[in-house]
file input.cif (mmCIF, C-alpha atoms and all ligand atoms; chains and numbers go by the auth columns)
data_final
#
loop_
_atom_site.group_PDB
_atom_site.id
_atom_site.type_symbol
_atom_site.label_atom_id
_atom_site.label_comp_id
_atom_site.label_asym_id
_atom_site.label_seq_id
_atom_site.Cartn_x
_atom_site.Cartn_y
_atom_site.Cartn_z
_atom_site.B_iso_or_equiv
_atom_site.auth_seq_id
_atom_site.auth_asym_id
ATOM 1 C CA MET A 1 19.696 -18.571 9.228 0.00 1 M
ATOM 2 C CA ALA A 2 16.703 -16.469 8.253 0.00 2 M
ATOM 3 C CA PRO A 3 15.021 -17.561 5.039 0.00 3 M
ATOM 4 C CA MET A 4 15.566 -15.294 2.039 0.00 4 M
ATOM 5 C CA ALA A 5 12.657 -12.958 1.490 0.00 5 M
ATOM 6 C CA ALA A 6 10.787 -13.555 -1.749 0.00 6 M
ATOM 7 C CA TYR A 7 9.385 -10.615 -3.654 0.00 7 M
ATOM 8 C CA LEU A 8 6.616 -10.705 -6.232 0.00 8 M
ATOM 9 C CA PRO A 9 6.887 -8.274 -9.133 0.00 9 M
ATOM 10 C CA VAL A 10 3.702 -6.167 -9.247 0.00 10 M
ATOM 11 C CA TYR A 11 2.532 -3.560 -11.739 0.00 11 M
ATOM 12 C CA CYS A 12 0.339 -0.533 -11.028 0.00 12 M
ATOM 13 C CA SER A 13 -1.714 0.828 -13.912 0.00 13 M
ATOM 14 C CA SER A 14 -2.486 4.034 -11.964 0.00 14 M
ATOM 15 C CA CYS A 15 1.110 5.322 -12.036 0.00 15 M
ATOM 16 C CA ALA A 16 2.586 2.894 -14.638 0.00 16 M
ATOM 17 C CA HIS A 17 5.372 1.723 -12.316 0.00 17 M
ATOM 18 C CA ALA A 18 6.366 -1.802 -11.364 0.00 18 M
ATOM 19 C CA SER A 19 7.757 -2.635 -7.941 0.00 19 M
ATOM 20 C CA LEU A 20 8.647 -5.650 -5.827 0.00 20 M
ATOM 21 C CA SER A 21 6.125 -6.643 -3.166 0.00 21 M
ATOM 22 C CA LEU A 22 6.820 -8.723 -0.074 0.00 22 M
ATOM 23 C CA ALA A 23 3.165 -9.750 0.220 0.00 23 M
ATOM 24 C CA ALA A 24 2.006 -13.313 -0.493 0.00 24 M
ATOM 25 C CA ALA A 25 0.427 -13.869 -3.903 0.00 25 M
ATOM 26 C CA SER A 26 -2.985 -14.446 -2.328 0.00 26 M
ATOM 27 C CA GLU A 27 -3.032 -11.035 -0.611 0.00 27 M
ATOM 28 C CA PRO A 28 -4.109 -7.784 -2.315 0.00 28 M
ATOM 29 C CA GLN A 29 -1.036 -6.141 -3.819 0.00 29 M
ATOM 30 C CA ILE A 30 -0.260 -2.464 -3.181 0.00 30 M
ATOM 31 C CA CYS A 31 1.893 -0.237 -5.407 0.00 31 M
ATOM 32 C CA SER A 32 4.941 1.000 -3.477 0.00 32 M
ATOM 33 C CA PHE A 33 4.927 4.272 -5.441 0.00 33 M
ATOM 34 C CA CYS A 34 1.307 5.482 -5.090 0.00 34 M
ATOM 35 C CA GLU A 35 -0.368 2.819 -2.865 0.00 35 M
ATOM 36 C CA ALA A 36 -3.034 2.064 -5.463 0.00 36 M
ATOM 37 C CA SER A 37 -3.866 -1.590 -5.989 0.00 37 M
ATOM 38 C CA ALA A 38 -1.362 -3.379 -8.200 0.00 38 M
ATOM 39 C CA ARG A 39 -1.421 -6.730 -9.955 0.00 39 M
ATOM 40 C CA VAL A 40 1.155 -9.507 -9.883 0.00 40 M
ATOM 41 C CA VAL A 41 3.258 -9.786 -13.039 0.00 41 M
ATOM 42 C CA PRO A 42 3.711 -13.386 -14.210 0.00 42 M
ATOM 43 C CA GLY A 43 7.373 -14.371 -14.111 0.00 43 M
ATOM 44 C CA PRO A 44 10.160 -15.094 -11.642 0.00 44 M
ATOM 45 C CA ILE A 45 10.193 -14.312 -7.896 0.00 45 M
ATOM 46 C CA TYR A 46 12.982 -11.976 -6.757 0.00 46 M
ATOM 47 C CA GLY A 47 15.145 -11.744 -3.636 0.00 47 M
ATOM 48 C CA ASP A 48 16.582 -9.106 -1.294 0.00 48 M
ATOM 49 C CA GLY A 49 19.509 -8.273 -3.560 0.00 49 M
ATOM 50 C CA ASP A 50 17.275 -7.564 -6.552 0.00 50 M
ATOM 51 C CA TRP A 51 15.331 -4.575 -5.299 0.00 51 M
ATOM 52 C CA LEU A 52 17.630 -1.752 -6.456 0.00 52 M
ATOM 53 C CA ALA A 53 18.349 -3.131 -9.929 0.00 53 M
ATOM 54 C CA PHE A 54 14.636 -3.815 -10.444 0.00 54 M
ATOM 55 C CA ALA A 55 13.765 -0.204 -9.524 0.00 55 M
ATOM 56 C CA GLU A 56 16.450 1.200 -11.829 0.00 56 M
ATOM 57 C CA ILE A 57 15.371 -0.888 -14.819 0.00 57 M
ATOM 58 C CA ASP A 58 11.718 -0.031 -14.112 0.00 58 M
ATOM 59 C CA SER A 59 12.567 3.676 -14.145 0.00 59 M
ATOM 60 C CA ALA A 60 14.285 3.370 -17.549 0.00 60 M
ATOM 61 C CA VAL A 61 11.365 1.395 -19.057 0.00 61 M
ATOM 62 C CA PHE A 62 8.928 3.923 -17.534 0.00 62 M
ATOM 63 C CA ASP A 63 10.788 6.807 -19.216 0.00 63 M
ATOM 64 C CA ALA A 64 10.483 5.061 -22.588 0.00 64 M
ATOM 65 C CA GLU A 65 6.667 5.504 -22.352 0.00 65 M
ATOM 66 C CA LEU A 66 5.945 2.296 -24.250 0.00 66 M
ATOM 67 C CA ASP A 67 2.385 1.503 -25.210 0.00 67 M
ATOM 68 C CA GLY A 68 1.051 -2.047 -24.824 0.00 68 M
ATOM 69 C CA GLY A 69 1.884 -3.000 -28.403 0.00 69 M
ATOM 70 C CA GLN A 70 5.478 -1.729 -28.231 0.00 70 M
ATOM 71 C CA ALA A 71 6.058 -3.488 -24.916 0.00 71 M
ATOM 72 C CA THR A 72 4.706 -6.736 -26.377 0.00 72 M
ATOM 73 C CA THR A 73 6.937 -6.466 -29.451 0.00 73 M
ATOM 74 C CA LEU A 74 10.028 -5.865 -27.296 0.00 74 M
ATOM 75 C CA ALA A 75 9.132 -8.694 -24.892 0.00 75 M
ATOM 76 C CA GLU A 76 8.761 -11.133 -27.813 0.00 76 M
ATOM 77 C CA GLU A 77 12.035 -9.939 -29.305 0.00 77 M
ATOM 78 C CA LEU A 78 13.833 -10.380 -25.969 0.00 78 M
ATOM 79 C CA GLN A 79 12.310 -13.845 -25.541 0.00 79 M
ATOM 80 C CA GLN A 80 13.566 -14.820 -28.973 0.00 80 M
ATOM 81 C CA LEU A 81 17.100 -13.574 -28.229 0.00 81 M
ATOM 82 C CA LEU A 82 17.082 -15.552 -24.965 0.00 82 M
ATOM 83 C CA ASN A 83 15.807 -18.649 -26.792 0.00 83 M
ATOM 84 C CA GLU A 84 18.665 -18.335 -29.282 0.00 84 M
ATOM 85 C CA LYS A 85 21.074 -18.420 -26.317 0.00 85 M
ATOM 86 C CA LEU A 86 23.101 -15.473 -27.563 0.00 86 M
ATOM 87 C CA ASP A 87 25.800 -13.996 -25.330 0.00 87 M
ATOM 88 C CA PRO A 88 23.843 -12.061 -22.639 0.00 88 M
ATOM 89 C CA GLN A 89 26.134 -9.052 -23.162 0.00 89 M
ATOM 90 C CA ALA A 90 25.146 -9.006 -26.843 0.00 90 M
ATOM 91 C CA ILE A 91 21.460 -9.227 -25.885 0.00 91 M
ATOM 92 C CA VAL A 92 21.906 -6.251 -23.520 0.00 92 M
ATOM 93 C CA GLN A 93 23.513 -4.300 -26.355 0.00 93 M
ATOM 94 C CA ARG A 94 20.656 -5.137 -28.726 0.00 94 M
ATOM 95 C CA MET A 95 17.991 -4.144 -26.205 0.00 95 M
ATOM 96 C CA ILE A 96 19.767 -0.807 -25.549 0.00 96 M
ATOM 97 C CA GLN A 97 19.656 -0.119 -29.281 0.00 97 M
ATOM 98 C CA ARG A 98 15.922 -0.886 -29.319 0.00 98 M
ATOM 99 C CA LEU A 99 15.190 1.013 -26.099 0.00 99 M
ATOM 100 C CA PRO A 100 17.762 3.833 -25.705 0.00 100 M
ATOM 101 C CA THR A 101 16.535 4.829 -22.204 0.00 101 M
ATOM 102 C CA LEU A 102 18.181 1.587 -21.009 0.00 102 M
ATOM 103 C CA ALA A 103 21.660 2.968 -21.757 0.00 103 M
ATOM 104 C CA ARG A 104 21.879 4.958 -18.523 0.00 104 M
ATOM 105 C CA ILE A 105 21.075 1.935 -16.320 0.00 105 M
ATOM 106 C CA ARG A 106 23.364 -0.462 -18.212 0.00 106 M
ATOM 107 C CA PRO A 107 25.233 -1.406 -14.956 0.00 107 M
ATOM 108 C CA ALA A 108 21.956 -2.676 -13.442 0.00 108 M
ATOM 109 C CA LEU A 109 21.310 -4.747 -16.576 0.00 109 M
ATOM 110 C CA VAL A 110 24.749 -6.373 -16.793 0.00 110 M
ATOM 111 C CA ASN A 111 25.294 -6.964 -13.053 0.00 111 M
ATOM 112 C CA GLY A 112 24.810 -10.711 -12.500 0.00 112 M
ATOM 113 C CA LEU A 113 23.590 -11.570 -15.998 0.00 113 M
ATOM 114 C CA PRO A 114 21.145 -12.904 -16.993 0.00 114 M
ATOM 115 C CA ARG A 115 19.295 -11.520 -13.939 0.00 115 M
ATOM 116 C CA GLY A 116 18.959 -8.024 -15.463 0.00 116 M
ATOM 117 C CA LEU A 117 17.492 -9.485 -18.645 0.00 117 M
ATOM 118 C CA ARG A 118 14.920 -11.474 -16.638 0.00 118 M
ATOM 119 C CA MET A 119 13.931 -8.228 -14.882 0.00 119 M
ATOM 120 C CA LEU A 120 13.670 -6.409 -18.198 0.00 120 M
ATOM 121 C CA MET A 121 11.420 -9.212 -19.463 0.00 121 M
ATOM 122 C CA THR A 122 9.215 -8.939 -16.341 0.00 122 M
ATOM 123 C CA LEU A 123 8.955 -5.162 -16.812 0.00 123 M
ATOM 124 C CA LEU A 124 8.042 -5.464 -20.493 0.00 124 M
ATOM 125 C CA VAL A 125 5.472 -8.178 -19.785 0.00 125 M
ATOM 126 C CA ALA A 126 3.992 -5.921 -17.067 0.00 126 M
ATOM 127 C CA ARG A 127 3.335 -3.215 -19.659 0.00 127 M
ATOM 128 C CA SER A 128 2.117 -5.487 -22.445 0.00 128 M
ATOM 129 C CA ARG A 129 -1.246 -5.998 -20.746 0.00 129 M
ATOM 130 C CA ASP A 130 -3.341 -4.698 -23.671 0.00 130 M
ATOM 131 C CA VAL A 131 -2.031 -7.293 -26.099 0.00 131 M
ATOM 132 C CA PRO A 132 -1.714 -10.829 -24.705 0.00 132 M
ATOM 133 C CA LEU A 133 1.725 -12.316 -25.240 0.00 133 M
ATOM 134 C CA THR A 134 2.042 -15.356 -27.411 0.00 134 M
ATOM 135 C CA VAL A 135 4.689 -16.780 -25.077 0.00 135 M
ATOM 136 C CA SER A 136 2.754 -19.685 -23.606 0.00 136 M
ATOM 137 C CA GLU A 137 4.306 -19.831 -20.127 0.00 137 M
ATOM 138 C CA TYR A 138 3.413 -16.193 -19.447 0.00 138 M
ATOM 139 C CA GLN A 139 -0.119 -16.702 -20.665 0.00 139 M
ATOM 140 C CA ALA A 140 -0.583 -19.730 -18.435 0.00 140 M
ATOM 141 C CA ALA A 141 0.684 -17.772 -15.420 0.00 141 M
ATOM 142 C CA THR A 142 -1.680 -14.887 -16.180 0.00 142 M
ATOM 143 C CA LEU A 143 -4.653 -17.227 -16.359 0.00 143 M
ATOM 144 C CA ARG A 144 -3.747 -18.777 -13.022 0.00 144 M
ATOM 145 C CA ALA A 145 -3.428 -15.332 -11.404 0.00 145 M
ATOM 146 C CA ALA A 146 -6.783 -14.223 -12.818 0.00 146 M
ATOM 147 C CA GLY A 147 -8.435 -17.385 -11.461 0.00 147 M
ATOM 148 C CA ASP A 148 -7.445 -16.422 -7.900 0.00 148 M
ATOM 149 C CA ASP A 149 -9.733 -13.382 -7.950 0.00 149 M
ATOM 150 C CA GLY A 150 -12.907 -15.463 -7.810 0.00 150 M
ATOM 151 C CA GLN A 151 -15.788 -14.661 -10.099 0.00 151 M
ATOM 152 C CA SER A 152 -19.221 -13.407 -9.129 0.00 152 M
HETATM 153 ZN ZN ZN B . 1.219 3.169 -8.458 0.00 201 M
#
call {"tool": "encode", "arguments": {"input": "input.cif", "output": "structure tokens"}}
result
Amino acid sequence: MAPMAAYLPVYCSSCAHASLSLAAASEPQICSFCEASARVVPGPIYGDGDWLAFAEIDSAVFDAELDGGQATTLAEELQQLLNEKLDPQAIVQRMIQRLPTLARIRPALVNGLPRGLRMLMTLLVARSRDVPLTVSEYQAATLRAAGDDGQS
């Protein structure tokens, strides 16, 4: 049996899209939309079956044209809903109310819950770069990623 491929979520500030990259974390990451350099988004690793849903949710978040502050607010709100362990379907409904562009990709969000919500969180965190999240695990991951660059 071949091992499952593992994909890192990466975000490109040139074209404001996130995509899944097959490259190892230590390699330079390339945006699959415009081939500019992209950075790894802290959060879960994804597999072969996640690619399409990730692209669909990214497209809906892209269309919402969130600024860094809005993305941070939504990411914190989603984290809080997840912490409260609400029914994932109810969380999806709440996030669609907050971000109406998500309505058209609802099937990608609800397929295999809570996977879609984890992707939405990754995509919001990717765009919240201007305002550091208060969620400690994401901050720790960001610091580790930044440390890999080496300082001169
Ligand atoms: Zn790009």
call {"tool": "closest_atom_pairs", "arguments": {"input": "input.cif", "of": "chain M", "to": "ligand ZN 201 (chain M)", "cutoff": "12 Å", "atoms": "only C-alpha atoms and all ligand atoms", "output": "CSV"}}
result
residue,atom,partner,partner_atom,distance
M:Val10,CA,M:ZN201,ZN,9.7
M:Tyr11,CA,M:ZN201,ZN,7.6
M:Cys12,CA,M:ZN201,ZN,4.6
M:Ser13,CA,M:ZN201,ZN,6.6
M:Ser14,CA,M:ZN201,ZN,5.2
M:Cys15,CA,M:ZN201,ZN,4.2
M:Ala16,CA,M:ZN201,ZN,6.3
M:His17,CA,M:ZN201,ZN,5.8
M:Ala18,CA,M:ZN201,ZN,7.7
M:Ser19,CA,M:ZN201,ZN,8.8
M:Leu20,CA,M:ZN201,ZN,11.8
M:Gln29,CA,M:ZN201,ZN,10.6
M:Ile30,CA,M:ZN201,ZN,7.9
M:Cys31,CA,M:ZN201,ZN,4.6
M:Ser32,CA,M:ZN201,ZN,6.6
M:Phe33,CA,M:ZN201,ZN,4.9
M:Cys34,CA,M:ZN201,ZN,4.1
M:Glu35,CA,M:ZN201,ZN,5.8
M:Ala36,CA,M:ZN201,ZN,5.3
M:Ser37,CA,M:ZN201,ZN,7.4
M:Ala38,CA,M:ZN201,ZN,7.0
M:Arg39,CA,M:ZN201,ZN,10.4
M:Phe62,CA,M:ZN201,ZN,11.9
call {"tool": "atom_distance", "arguments": {"input": "input.cif", "atom1": "CA of Phe54 in chain M", "atom2": "CA of Leu78 in chain M"}}
result
16.9 Å
call {"tool": "closest_residue", "arguments": {"input": "input.cif", "among": "M:Ala108, M:Val125, M:Leu81, M:Met95", "to": "Glu56 in chain M", "atoms": "all atoms listed in the file"}}
result
M:Ala108
call {"tool": "axis_aligned_box", "arguments": {"input": "input.cif", "around": "range 109-124 of chain M", "padding_each_side": "5 Å", "output": "lines of an AutoDock Vina configuration file"}}
result
center_x = 16.7
center_y = -8.8
center_z = -16.5
size_x = 27.3
size_y = 18.2
size_z = 18.0
call {"tool": "atom_distance", "arguments": {"input": "input.cif", "atom1": "CA of Asp48 in chain M", "atom2": "CA of Leu74 in chain M"}}
result
27.0 Å
call {"tool": "atom_distance", "arguments": {"input": "input.cif", "atom1": "CA of Leu120 in chain M", "atom2": "CA of Ile57 in chain M"}}
result
6.7 Å
call {"tool": "closest_residue", "arguments": {"input": "input.cif", "among": "M:Leu66, M:Ala71, M:Ala53, M:Leu86", "to": "Leu109 in chain M", "atoms": "only C-alpha atoms"}}
result
M:Ala53
call {"tool": "closest_residue", "arguments": {"input": "input.cif", "among": "M:Asp67, M:Asn111, M:Ser128, M:Asp87", "to": "Val41 in chain M", "atoms": "all atoms listed in the file"}}
result
M:Ser128
call {"tool": "closest_residue", "arguments": {"input": "input.cif", "among": "M:Val61, M:Leu99, M:Ala75, M:Ala90", "to": "Met121 in chain M", "atoms": "only C-alpha atoms"}}
result
M:Ala75
call {"tool": "closest_residue", "arguments": {"input": "input.cif", "among": "M:Ala6, M:Arg98, M:Arg106, M:Gln89", "to": "Ala64 in chain M", "atoms": "only C-alpha atoms"}}
result
M:Arg98
call {"tool": "closest_residue", "arguments": {"input": "input.cif", "among": "M:Thr101, M:Pro44, M:Gly49, M:Gly68", "to": "Leu117 in chain M", "atoms": "only C-alpha atoms"}}
result
M:Pro44
